[in-house]
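Have a look at work-v9.cif; it's mmCIF, C-alpha atoms:
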data_upload
loop_
_atom_site.label_atom_id
_atom_site.label_comp_id
_atom_site.auth_asym_id
_atom_site.auth_seq_id
_atom_site.Cartn_x
_atom_site.Cartn_y
_atom_site.Cartn_z
CA MET A 1 0.00 0.00 0.00
CA ASN A 2 3.08 2.25 0.07
CA ILE A 3 2.45 3.36 3.64
CA PRO A 4 5.78 4.54 5.06
CA GLN A 5 7.26 3.00 8.18
CA SER A 6 7.04 5.23 11.22
CA SER A 7 8.18 5.33 14.81
CA PHE A 8 4.61 6.31 15.70
CA PRO A 9 2.10 3.55 16.51
CA ARG A 10 -0.14 2.71 13.57
CA VAL A 11 -3.93 2.83 13.92
CA ILE A 12 -5.94 1.39 11.05
CA ILE A 13 -9.54 2.50 10.73
CA ILE A 14 -11.83 0.43 8.51
CA GLY A 15 -14.71 2.59 7.33
CA GLY A 16 -15.15 6.29 6.57
CA GLY A 17 -18.61 6.71 8.05
CA PHE A 18 -19.63 8.90 10.98
CA GLY A 19 -17.61 6.95 13.53
CA GLY A 20 -14.48 6.51 11.44
CA ILE A 21 -14.33 10.19 10.46
CA ALA A 22 -14.93 11.35 14.05
CA LEU A 23 -12.10 9.13 15.29
CA ALA A 24 -9.69 10.19 12.53
CA LYS A 25 -10.32 13.86 13.34
CA LYS A 26 -9.67 13.21 17.02
CA LEU A 27 -6.31 11.60 16.23
CA SER A 28 -5.36 14.06 13.48
CA LYS A 29 -2.75 16.05 15.42
CA LYS A 30 -1.40 13.30 17.65
CA ASP A 31 1.85 11.35 17.33
CA ILE A 32 -0.02 8.46 15.73
CA GLN A 33 0.05 7.16 12.17
CA VAL A 34 -3.58 6.89 11.04
CA VAL A 35 -4.53 4.77 8.02
CA LEU A 36 -8.16 4.89 6.92
CA LEU A 37 -9.46 2.21 4.54
CA ASP A 38 -12.75 2.44 2.68
CA LYS A 39 -14.11 1.03 -0.58
CA HIS A 40 -15.48 4.48 -1.43
CA ASN A 41 -13.49 7.71 -1.48
CA TYR A 42 -16.30 9.72 0.05
CA HIS A 43 -18.23 10.07 3.28
CA ASN A 44 -21.94 9.49 2.77
CA PHE A 45 -24.51 11.43 4.81
CA GLN A 46 -27.06 8.61 5.05
CA PRO A 47 -29.94 10.50 6.73
CA LEU A 48 -30.60 12.36 3.47
CA LEU A 49 -30.37 9.41 1.08
CA TYR A 50 -34.14 9.36 0.70
CA GLN A 51 -33.98 12.86 -0.82
CA VAL A 52 -31.58 11.58 -3.47
CA SER A 53 -33.98 8.73 -4.19
CA THR A 54 -36.91 11.11 -4.64
CA GLY A 55 -35.11 13.76 -6.71
CA GLY A 56 -34.81 16.40 -4.00
CA LEU A 57 -31.00 16.40 -3.95
CA GLU A 58 -28.16 15.28 -6.16
CA PRO A 59 -25.72 12.79 -4.60
CA ASP A 60 -22.80 15.23 -4.52
CA SER A 61 -24.83 17.33 -2.06
CA ILE A 62 -24.63 14.67 0.64
CA ALA A 63 -21.22 13.16 -0.13
CA TYR A 64 -17.82 14.59 0.71
CA PRO A 65 -14.33 13.35 -0.28
CA ILE A 66 -12.61 11.59 2.60
CA ARG A 67 -9.25 12.97 1.57
CA LYS A 68 -10.62 16.51 1.78
CA VAL A 69 -12.15 15.89 5.21
CA LEU A 70 -8.71 15.17 6.65
CA GLN A 71 -6.67 17.27 4.26
CA GLY A 72 -3.46 18.65 5.73
CA TYR A 73 -3.47 16.37 8.78
CA PRO A 74 0.02 15.00 9.48
CA ASN A 75 0.58 11.24 9.58
CA PHE A 76 -2.77 10.53 7.91
CA TYR A 77 -3.13 8.14 4.97
CA PHE A 78 -6.21 7.08 3.04
CA ARG A 79 -6.38 4.06 0.76
CA LEU A 80 -9.26 3.11 -1.51
CA ALA A 81 -9.53 -0.54 -0.58
CA GLU A 82 -11.99 -3.28 0.28
CA VAL A 83 -11.05 -5.31 3.33
CA VAL A 84 -11.10 -9.05 2.68
CA ARG A 85 -10.14 -10.44 6.07
CA ILE A 86 -8.34 -9.74 9.32
CA GLU A 87 -5.70 -11.91 11.00
CA PRO A 88 -5.78 -10.85 14.69
CA SER A 89 -2.95 -13.23 15.62
CA ASP A 90 -0.59 -11.51 13.15
CA ARG A 91 -2.14 -8.06 13.54
CA LYS A 92 -2.69 -7.80 9.79
CA VAL A 93 -5.46 -6.55 7.55
CA PHE A 94 -5.79 -8.11 4.08
CA THR A 95 -7.43 -6.06 1.32
CA ASN A 96 -7.91 -6.22 -2.44
CA ILE A 97 -4.83 -3.98 -2.86
CA GLY A 98 -2.51 -5.73 -0.43
CA ASP A 99 -2.00 -6.34 3.27
CA ILE A 100 -0.93 -4.02 6.07
CA SER A 101 0.03 -4.52 9.71
CA TYR A 102 -1.35 -2.55 12.62
CA ASP A 103 -0.69 -1.76 16.23
CA TYR A 104 -4.33 -0.94 16.85
CA LEU A 105 -7.31 -1.71 14.64
CA VAL A 106 -10.68 0.05 14.64
CA VAL A 107 -13.62 -1.56 12.86
CA ALA A 108 -16.15 1.08 11.79
CA THR A 109 -17.74 -0.73 8.86
CA GLY A 110 -21.29 0.41 9.64
CA SER A 111 -24.39 -1.50 8.66
CA GLU A 112 -26.21 -2.85 5.62
CA THR A 113 -29.79 -3.78 4.82
CA ASN A 114 -31.03 -6.88 6.64
CA PHE A 115 -33.38 -9.01 4.56
CA PHE A 116 -33.61 -11.61 7.35
CA GLY A 117 -32.65 -14.44 5.01
CA ASN A 118 -35.45 -13.87 2.48
CA LYS A 119 -33.66 -14.38 -0.84
CA ASN A 120 -36.62 -13.41 -3.03
CA ILE A 121 -37.01 -10.07 -1.31
CA GLU A 122 -33.26 -9.48 -1.32
CA GLU A 123 -33.14 -10.12 -5.06
CA LYS A 124 -36.20 -8.15 -6.14
CA ALA A 125 -36.69 -5.40 -3.55
CA MET A 126 -34.86 -2.07 -3.47
CA ALA A 127 -32.54 -1.10 -0.63
CA MET A 128 -31.52 2.46 0.24
CA LYS A 129 -28.33 2.35 2.31
CA THR A 130 -25.83 3.72 -0.20
CA ILE A 131 -25.70 6.45 -2.84
CA PRO A 132 -25.66 3.95 -5.76
CA GLN A 133 -28.72 2.23 -4.29
CA SER A 134 -30.51 5.57 -3.94
CA LEU A 135 -29.73 6.47 -7.54
CA ASN A 136 -31.03 3.07 -8.64
CA LEU A 137 -34.27 3.68 -6.76
CA ARG A 138 -34.66 7.15 -8.27
CA SER A 139 -34.20 5.75 -11.78
CA LEU A 140 -36.62 2.89 -11.14
CA ILE A 141 -39.35 5.22 -9.85
CA LEU A 142 -39.12 7.46 -12.91
CA GLU A 143 -38.78 4.56 -15.34
CA ASN A 144 -41.90 2.92 -13.91
CA PHE A 145 -43.96 6.03 -14.63
CA GLU A 146 -42.53 6.20 -18.14
CA GLN A 147 -43.50 2.56 -18.60
CA ALA A 148 -46.98 3.21 -17.18
CA LEU A 149 -47.58 5.64 -20.06
CA LEU A 150 -46.98 2.88 -22.58
CA THR A 151 -49.28 0.15 -21.29
CA ASP A 152 -52.98 -0.21 -21.96
CA ASP A 153 -53.44 -2.78 -19.21
CA LEU A 154 -54.98 -1.16 -16.14
CA HIS A 155 -53.58 -3.69 -13.65
CA GLU A 156 -50.09 -3.35 -15.05
CA ARG A 157 -50.34 0.45 -14.98
CA ASP A 158 -51.51 0.43 -11.37
CA ALA A 159 -48.68 -1.89 -10.33
CA LEU A 160 -46.15 0.39 -11.99
CA MET A 161 -47.52 3.38 -10.06
CA ASN A 162 -47.82 1.61 -6.71
CA PHE A 163 -45.14 1.72 -4.04
CA VAL A 164 -44.75 -0.44 -0.96
CA ILE A 165 -42.26 0.64 1.70
CA VAL A 166 -41.53 -1.99 4.33
CA GLY A 167 -40.37 -0.59 7.65
CA GLY A 168 -41.92 2.21 9.69
CA GLY A 169 -38.72 3.66 11.11
CA PRO A 170 -37.41 7.13 10.18
CA THR A 171 -36.19 5.96 6.74
CA GLY A 172 -39.54 4.45 5.77
CA VAL A 173 -41.58 7.32 7.16
CA GLU A 174 -39.48 10.00 5.47
CA LEU A 175 -39.46 8.19 2.14
CA ALA A 176 -43.23 7.66 2.26
CA GLY A 177 -43.82 11.34 2.97
CA ALA A 178 -41.52 12.42 0.12
CA LEU A 179 -43.23 10.09 -2.37
CA ALA A 180 -46.66 11.34 -1.27
CA GLU A 181 -45.62 14.92 -1.93
CA ILE A 182 -44.29 13.96 -5.37
CA LYS A 183 -47.61 12.31 -6.17
CA LYS A 184 -49.51 15.38 -5.06
CA GLY A 185 -47.43 18.22 -6.48
CA ILE A 186 -45.14 16.95 -9.22
CA LEU A 187 -46.53 13.89 -11.03
CA PRO A 188 -49.70 15.64 -12.31
CA LYS A 189 -47.49 18.26 -14.00
CA ASP A 190 -44.89 15.83 -15.33
CA TYR A 191 -47.43 13.26 -16.54
CA PRO A 192 -50.61 15.15 -17.53
CA ASP A 193 -51.68 12.26 -19.79
CA LEU A 194 -51.48 9.76 -16.91
CA ASP A 195 -54.02 9.43 -14.11
CA THR A 196 -51.49 9.71 -11.30
CA ARG A 197 -54.30 9.84 -8.76
CA ARG A 198 -54.33 6.04 -8.98
CA ALA A 199 -50.75 5.88 -7.64
CA GLN A 200 -50.56 4.46 -4.12
CA ILE A 201 -47.95 4.77 -1.41
CA ASN A 202 -48.16 2.01 1.20
CA LEU A 203 -46.11 1.96 4.39
CA VAL A 204 -46.01 -1.47 6.04
CA GLN A 205 -44.91 -1.81 9.66
CA GLY A 206 -44.54 -5.09 11.52
CA SER A 207 -45.36 -3.65 14.98
CA ASP A 208 -48.38 -1.78 16.30
CA ARG A 209 -47.00 1.69 15.57
CA ILE A 210 -44.60 3.49 13.26
CA LEU A 211 -41.44 5.15 14.62
CA PRO A 212 -41.34 2.61 17.49
CA ALA A 213 -38.08 4.04 18.86
CA MET A 214 -39.73 7.41 19.42
CA SER A 215 -42.48 8.47 21.81
CA GLU A 216 -46.07 7.37 21.30
CA ILE A 217 -47.15 10.94 20.64
CA ALA A 218 -44.52 11.24 17.89
CA SER A 219 -45.68 7.95 16.36
CA SER A 220 -49.33 8.99 16.46
CA LYS A 221 -48.65 12.43 15.01
CA ALA A 222 -46.43 11.07 12.25
CA GLU A 223 -49.12 8.57 11.27
CA LYS A 224 -51.70 11.37 11.07
CA PHE A 225 -49.33 13.44 8.93
CA LEU A 226 -48.83 10.52 6.55
CA GLU A 227 -52.53 9.74 6.29
CA LYS A 228 -53.24 13.41 5.54
CA LEU A 229 -50.73 13.15 2.69
CA GLY A 230 -52.58 10.13 1.33
CA VAL A 231 -50.21 7.39 2.52
CA ASN A 232 -51.78 4.05 3.43
CA VAL A 233 -50.28 2.99 6.77
CA TRP A 234 -50.48 -0.75 7.50
CA LYS A 235 -49.52 -1.94 10.99
CA ASP A 236 -49.02 -5.37 12.54
CA ILE A 237 -48.32 -6.79 9.09
CA ARG A 238 -45.10 -8.46 7.93
CA VAL A 239 -44.10 -8.89 4.31
CA THR A 240 -43.11 -12.49 3.69
CA ASP A 241 -42.42 -12.74 -0.05
CA TYR A 242 -42.11 -10.76 -3.27
CA ASP A 243 -41.82 -12.00 -6.84
CA GLY A 244 -41.32 -8.63 -8.50
CA LYS A 245 -45.05 -8.01 -8.77
CA HIS A 246 -47.04 -9.66 -5.99
CA ILE A 247 -46.26 -8.93 -2.35
CA SER A 248 -47.35 -11.52 0.20
CA THR A 249 -47.76 -10.87 3.91
CA ASP A 250 -48.46 -12.88 7.04
CA SER A 251 -52.10 -11.79 6.79
CA GLU A 252 -54.76 -11.82 4.10
CA THR A 253 -53.52 -8.45 2.87
CA THR A 254 -51.54 -8.54 -0.39
CA PHE A 255 -50.16 -5.84 -2.65
CA GLU A 256 -49.44 -5.53 -6.34
CA ALA A 257 -46.51 -3.23 -6.94
CA ALA A 258 -43.49 -2.97 -9.23
CA THR A 259 -41.53 -1.15 -6.51
CA LEU A 260 -40.87 -2.59 -3.07
CA VAL A 261 -38.48 -0.60 -0.89
CA TRP A 262 -37.05 -2.58 2.03
CA ALA A 263 -36.33 -0.43 5.07
CA ALA A 264 -37.29 -3.01 7.68
CA GLY A 265 -33.96 -3.61 9.33
CA VAL A 266 -30.18 -3.41 9.26
CA LYS A 267 -27.30 -5.61 10.29
CA ALA A 268 -23.64 -4.91 10.88
CA VAL A 269 -21.15 -5.40 8.08
CA SER A 270 -18.97 -8.22 9.38
CA ILE A 271 -15.43 -9.02 8.29
CA GLN A 272 -13.83 -12.43 7.90
CA GLY A 273 -11.53 -13.08 10.83
CA LEU A 274 -13.85 -11.33 13.27
CA ASP A 275 -16.93 -13.40 12.46
CA ALA A 276 -16.57 -16.15 15.06
CA ASP A 277 -19.71 -16.95 17.05
CA GLU A 278 -18.13 -15.87 20.34
CA LEU A 279 -17.42 -12.40 18.90
CA LEU A 280 -20.73 -11.68 17.20
CA SER A 281 -23.92 -10.64 18.93
CA ARG A 282 -27.41 -9.94 17.60
CA GLY A 283 -27.49 -8.35 14.17
CA ASP A 284 -23.92 -9.55 13.48
CA ARG A 285 -22.56 -6.80 15.72
CA LEU A 286 -19.20 -7.23 17.42
CA ALA A 287 -19.42 -7.61 21.20
CA VAL A 288 -17.37 -4.85 22.85
CA ASN A 289 -16.70 -3.69 26.40
CA GLU A 290 -17.31 -0.20 27.78
CA PHE A 291 -14.11 1.02 26.07
CA ASN A 292 -15.22 -0.30 22.64
CA GLN A 293 -12.62 -3.07 22.77
CA VAL A 294 -13.67 -6.26 21.00
CA ILE A 295 -14.06 -9.00 23.59
CA GLY A 296 -10.83 -11.02 23.79
CA HIS A 297 -8.90 -8.59 21.58
CA PRO A 298 -7.71 -5.52 23.54
CA GLU A 299 -5.89 -4.13 20.49
CA ILE A 300 -9.03 -4.24 18.29
CA PHE A 301 -11.89 -1.79 18.69
CA ALA A 302 -15.33 -1.50 17.11
CA ILE A 303 -17.45 1.66 16.98
CA GLY A 304 -20.80 2.70 15.58
CA ASP A 305 -23.33 0.34 14.07
CA VAL A 306 -20.95 -2.61 14.13
CA ALA A 307 -20.38 -2.35 17.91
CA GLN A 308 -22.63 -4.11 20.42
CA MET A 309 -22.01 -2.50 23.79
CA GLU A 310 -24.54 -3.73 26.33
CA THR A 311 -25.11 -1.48 29.34
CA LYS A 312 -27.84 -1.06 31.95
CA ALA A 313 -29.30 1.85 30.00
CA PHE A 314 -28.95 0.02 26.67
CA PRO A 315 -29.20 -3.73 27.31
CA HIS A 316 -29.51 -4.43 23.57
CA GLY A 317 -26.73 -2.10 22.54
CA HIS A 318 -26.85 1.50 21.40
CA PRO A 319 -29.14 2.54 18.54
CA MET A 320 -27.63 2.13 15.09
CA MET A 321 -27.63 5.84 14.30
CA ALA A 322 -25.12 8.60 13.63
CA GLN A 323 -24.87 10.06 17.12
CA PRO A 324 -23.65 6.91 18.95
CA ALA A 325 -21.07 6.38 16.19
CA ILE A 326 -19.80 9.96 16.40
CA GLN A 327 -19.61 9.92 20.19
CA GLN A 328 -17.88 6.52 20.27
CA GLY A 329 -15.36 7.71 17.70
CA GLN A 330 -14.56 10.80 19.73
CA ASN A 331 -14.30 8.88 22.99
CA LEU A 332 -12.08 6.23 21.41
CA GLY A 333 -9.78 8.95 20.06
CA ILE A 334 -9.25 10.15 23.62
CA ASN A 335 -8.78 6.60 24.91
CA LEU A 336 -6.19 5.63 22.29
CA VAL A 337 -4.03 8.56 23.34
CA ARG A 338 -4.53 7.66 27.02
CA MET A 339 -3.61 4.05 26.27
CA LEU A 340 -0.34 5.13 24.65
CA GLU A 341 0.36 7.30 27.69
CA ASN A 342 -0.39 4.37 30.03
CA LYS A 343 -3.32 6.21 31.54
CA PRO A 344 -6.65 4.60 32.56
CA LEU A 345 -9.31 4.52 29.87
CA THR A 346 -12.58 6.43 30.03
CA PRO A 347 -15.69 4.25 29.63
CA PHE A 348 -18.12 5.32 26.94
CA VAL A 349 -21.37 6.92 28.10
CA TYR A 350 -23.89 7.72 25.40
CA LYS A 351 -25.48 11.15 25.61
CA ASP A 352 -28.84 10.77 23.93
CA LYS A 353 -29.60 14.05 22.20
CA GLY A 354 -32.98 12.85 20.98
CA SER A 355 -34.39 11.74 17.65
CA MET A 356 -36.52 13.26 14.94
CA ALA A 357 -38.12 12.47 11.60
CA THR A 358 -39.64 14.60 8.87
CA VAL A 359 -42.90 13.58 7.26
CA GLY A 360 -42.95 16.15 4.48
CA ARG A 361 -43.39 19.84 3.93
CA ASN A 362 -43.90 21.65 7.27
CA LYS A 363 -44.35 18.31 9.00
CA ALA A 364 -41.91 16.65 11.39
CA VAL A 365 -41.76 15.07 14.83
CA ALA A 366 -38.99 15.62 17.37
CA ASP A 367 -38.23 13.90 20.67
CA LEU A 368 -35.46 15.86 22.33
CA LYS A 369 -34.04 15.21 25.77
CA ARG A 370 -36.41 17.45 27.70
CA VAL A 371 -39.12 18.37 25.22
CA LYS A 372 -41.22 16.77 22.50
CA PHE A 373 -42.86 18.74 19.70
CA GLN A 374 -44.38 18.22 16.27
CA GLY A 375 -45.33 20.22 13.21
CA VAL A 376 -43.71 23.25 11.57
CA PHE A 377 -41.25 24.07 14.38
CA ALA A 378 -40.05 20.46 14.49
CA TRP A 379 -39.56 20.63 10.72
CA PHE A 380 -37.33 23.72 11.01
CA VAL A 381 -35.33 22.08 13.83
CA TRP A 382 -34.93 18.94 11.71
CA MET A 383 -33.55 21.02 8.81
CA PHE A 384 -31.13 22.94 11.05
CA VAL A 385 -29.76 19.78 12.67
CA HIS A 386 -29.20 18.04 9.34
CA LEU A 387 -27.52 21.08 7.83
CA PHE A 388 -25.27 21.36 10.89
CA PHE A 389 -24.03 17.78 10.64
CA LEU A 390 -23.41 17.87 6.88
CA ILE A 391 -19.69 17.91 6.14
CA GLY A 392 -18.43 20.81 4.04
CA PHE A 393 -19.56 24.42 3.67
CA ARG A 394 -20.48 23.90 0.00
CA ASN A 395 -22.73 20.94 0.81
CA ARG A 396 -24.55 22.94 3.48
CA VAL A 397 -25.11 25.85 1.08
CA VAL A 398 -26.22 23.64 -1.81
CA VAL A 399 -28.64 21.63 0.34
CA PHE A 400 -30.05 24.79 1.93
CA ILE A 401 -30.61 26.44 -1.47
CA ASN A 402 -32.27 23.28 -2.79
CA TRP A 403 -34.58 23.12 0.21
CA VAL A 404 -35.55 26.79 -0.12
CA TYR A 405 -36.15 26.40 -3.85
CA ASN A 406 -38.18 23.22 -3.39
CA TYR A 407 -40.21 24.90 -0.66
CA ILE A 408 -41.03 27.99 -2.71
CA ARG A 409 -41.61 26.24 -6.04
CA PHE A 410 -42.93 22.97 -4.61
CA ASP A 411 -40.63 21.19 -7.01
CA ARG A 412 -37.78 18.68 -7.15
CA GLU A 413 -35.37 19.47 -9.96
CA ALA A 414 -33.27 16.28 -9.77
CA ARG A 415 -35.89 14.08 -11.47
CA LEU A 416 -33.25 12.73 -13.82
CA ILE A 417 -32.60 9.22 -15.09
CA ILE A 418 -28.83 9.65 -15.26
CA ARG A 419 -28.11 5.95 -15.27
CA PRO A 420 -31.04 3.71 -16.21
CA PHE A 421 -31.79 0.92 -13.80
CA LYS A 422 -33.59 -2.07 -15.24
CA LYS A 423 -35.21 -4.72 -13.11
CA GLN A 424 -36.77 -7.88 -14.40
CA TYR A 425 -40.38 -6.78 -14.42
CA GLN A 426 -43.01 -9.49 -14.60
CA ASN A 427 -46.13 -8.76 -16.61
CA THR A 428 -48.92 -7.94 -14.19
CA LYS A 429 -51.79 -9.00 -16.44
CA ARG A 430 -54.27 -11.15 -14.62
CA HIS A 431 -55.65 -14.20 -16.35
CA GLN A 432 -59.30 -14.84 -15.74
CA ALA A 433 -60.28 -18.41 -14.91
#
Using structure tokens, write down the structure from this file.
Amino acid sequence: MNIPQSSFPRVIIIGGGFGGIALAKKLSKKDIQVVLLDKHNYHNFQPLLYQVSTGGLEPDSIAYPIRKVLQGYPNFYFRLAEVVRIEPSDRKVFTNIGDISYDYLVVATGSETNFFGNKNIEEKAMAMKTIPQSLNLRSLILENFEQALLTDDLHERDALMNFVIVGGGPTGVELAGALAEIKKGILPKDYPDLDTRRAQINLVQGSDRILPAMSEIASSKAEKFLEKLGVNVWKDIRVTDYDGKHISTDSETTFEAATLVWAAGVKAVSIQGLDADELLSRGDRLAVNEFNQVIGHPEIFAIGDVAQMETKAFPHGHPMMAQPAIQQGQNLGINLVRMLENKPLTPFVYKDKGSMATVGRNKAVADLKRVKFQGVFAWFVWMFVHLFFLIGFRNRVVVFINWVYNYIRFDREARLIIRPFKKQYQNTKRHQA
């Protein structure tokens, strides 16, 4: 990898997400050689991926080059690489561009969509965890409406204009709200020769309420917001199969849709060499102690979504969101320096700053530490928080201008099929007996 030898201890960070970037920044001016490995050369701001999928933002608005994030930091090296396996006994990381040794290793690989072993759904449904996946979804949505113009079969046309989103967490709720606003304000203008009123947006949740991690008042209010936008909210229903057209559930309810978006769960991205049963916990997360050290490996750490730290306050581990990853990365940066100075480590304590979700124009719900509120004010707070955590001044300006423009014009300019995405679409014609 052409990483120079150094008298400084070498810390390898796998993953340039929220946790990895926070840690690298914390170590940037220390006497430590930091090597960050990622298969992409950019940091992806995942909370706004749904806006890329629905044409509200272009991908370069929510991505930022990793090299630029840490530009000018001494002893920092980035390599575009995909990690193949880890050999803890030799303290080596093997990648598709070569191997490299480490003194300390930090796994910050994040999470990926969890299809819970359902191969049909994994093959035919759409995920939305990465920028390429979001662009694929955007293309598919627009291509389905173009295809709906060309068919004379009513059932096929309806299936092409129907959307089923599985998972009532923030991702599913925000995507459903964005699609509902597109149906209401944009599709009638883009497709005047198509009866877009027949388009349906269905949000399917396996439990008895959406946004289950938030307060009941937030869940109730968000559901009312969605229903007012015309979204069909289905609760206590689990999707069991999908063939590209028909969606089966564990009830008598079925759907016919050419687009199924799976937002029902995530699992940690595991790496060969750290995938033994005694290391992995629920959701393929690595079991760590209160200092984020992988159990049995004091020189290996895991932070963010991939880390399973069980405490009294969080017996099932911390939520797989940005804030725990950022805070763990910052705390680990302090602890690595203390470890090198032979000082006692500081246990990680998560400071829950609350959670929020937007449900569309002027509609959001927010559960902060001491107050809960919904509506227009929550929507403005949601926008401010997301702008604040975006990396890069340009990205903040571009996103803000896009939001102002979209708000005034009630439009989404990025309705572009830049790279066509073709799925095997089964004819939806019904054969009468």
Do you know which residues the PyMOL selection byres ((chain A and resi 192-208) around 8) returns on this file, as a short mmCIF file (atom, residue, chain, number, x, y, z; two decimals) with C-alpha atoms, in the frame of the given file?
data_model
loop_
_atom_site.label_atom_id
_atom_site.label_comp_id
_atom_site.auth_asym_id
_atom_site.auth_seq_id
_atom_site.Cartn_x
_atom_site.Cartn_y
_atom_site.Cartn_z
CA ALA A 148 -46.98 3.21 -17.18
CA LEU A 149 -47.58 5.64 -20.06
CA ASP A 158 -51.51 0.43 -11.37
CA MET A 161 -47.52 3.38 -10.06
CA ASN A 162 -47.82 1.61 -6.71
CA PHE A 163 -45.14 1.72 -4.04
CA VAL A 164 -44.75 -0.44 -0.96
CA ILE A 165 -42.26 0.64 1.70
CA VAL A 166 -41.53 -1.99 4.33
CA GLY A 167 -40.37 -0.59 7.65
CA GLY A 168 -41.92 2.21 9.69
CA GLY A 172 -39.54 4.45 5.77
CA VAL A 173 -41.58 7.32 7.16
CA ALA A 176 -43.23 7.66 2.26
CA LEU A 179 -43.23 10.09 -2.37
CA ALA A 180 -46.66 11.34 -1.27
CA LYS A 183 -47.61 12.31 -6.17
CA LEU A 187 -46.53 13.89 -11.03
CA PRO A 188 -49.70 15.64 -12.31
CA LYS A 189 -47.49 18.26 -14.00
CA ASP A 190 -44.89 15.83 -15.33
CA TYR A 191 -47.43 13.26 -16.54
CA ARG A 209 -47.00 1.69 15.57
CA ILE A 210 -44.60 3.49 13.26
CA PRO A 212 -41.34 2.61 17.49
CA GLY A 230 -52.58 10.13 1.33
CA VAL A 231 -50.21 7.39 2.52
CA ASN A 232 -51.78 4.05 3.43
CA VAL A 233 -50.28 2.99 6.77
CA TRP A 234 -50.48 -0.75 7.50
CA LYS A 235 -49.52 -1.94 10.99
CA ASP A 236 -49.02 -5.37 12.54
CA ILE A 237 -48.32 -6.79 9.09
CA ARG A 238 -45.10 -8.46 7.93
CA VAL A 239 -44.10 -8.89 4.31
CA ALA A 264 -37.29 -3.01 7.68
#
Spatial neighbours of Leu229 in chain A, max dist 9 Å, all atoms listed in the file, sep filter under 3 positions, as a list in words: Gly177, Ala180, Glu181, Lys184, Lys224, Phe225, Leu226 and Gly360 of chain A
For this file, the PyMOL selection byres ((chain A and resi 60-73) around 6) selects which residues, as a list in words? Ser28, Asn41, Tyr42, His43, Asn44, Phe45, Glu58, Pro59, Pro74, Phe76 and Asn395 of chain A
Evaluated on this file, the PyMOL selection byres ((chain A and resi 112) around 9) picks out some residues - which ones are they, written as a PyMOL selection string? chain A and resi 110-111+113-114+129-130+265-269
Residues near Ile326 in chain A, cut-off 10 Å, only C-alpha atoms, skip fewer than 3 positions along chain, as JSON, numbers by chain: {"A": [17, 18, 19, 20, 21, 22, 23, 303, 304, 321, 322, 323, 329, 330, 331, 332]}
CA of Pro319 in chain A to CA of Tyr350 in chain A, distance in Å rounded to a single decimal: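 Going from CA of Pro319 in chain A over to CA of Tyr350 in chain A, I get 10.1 Å.
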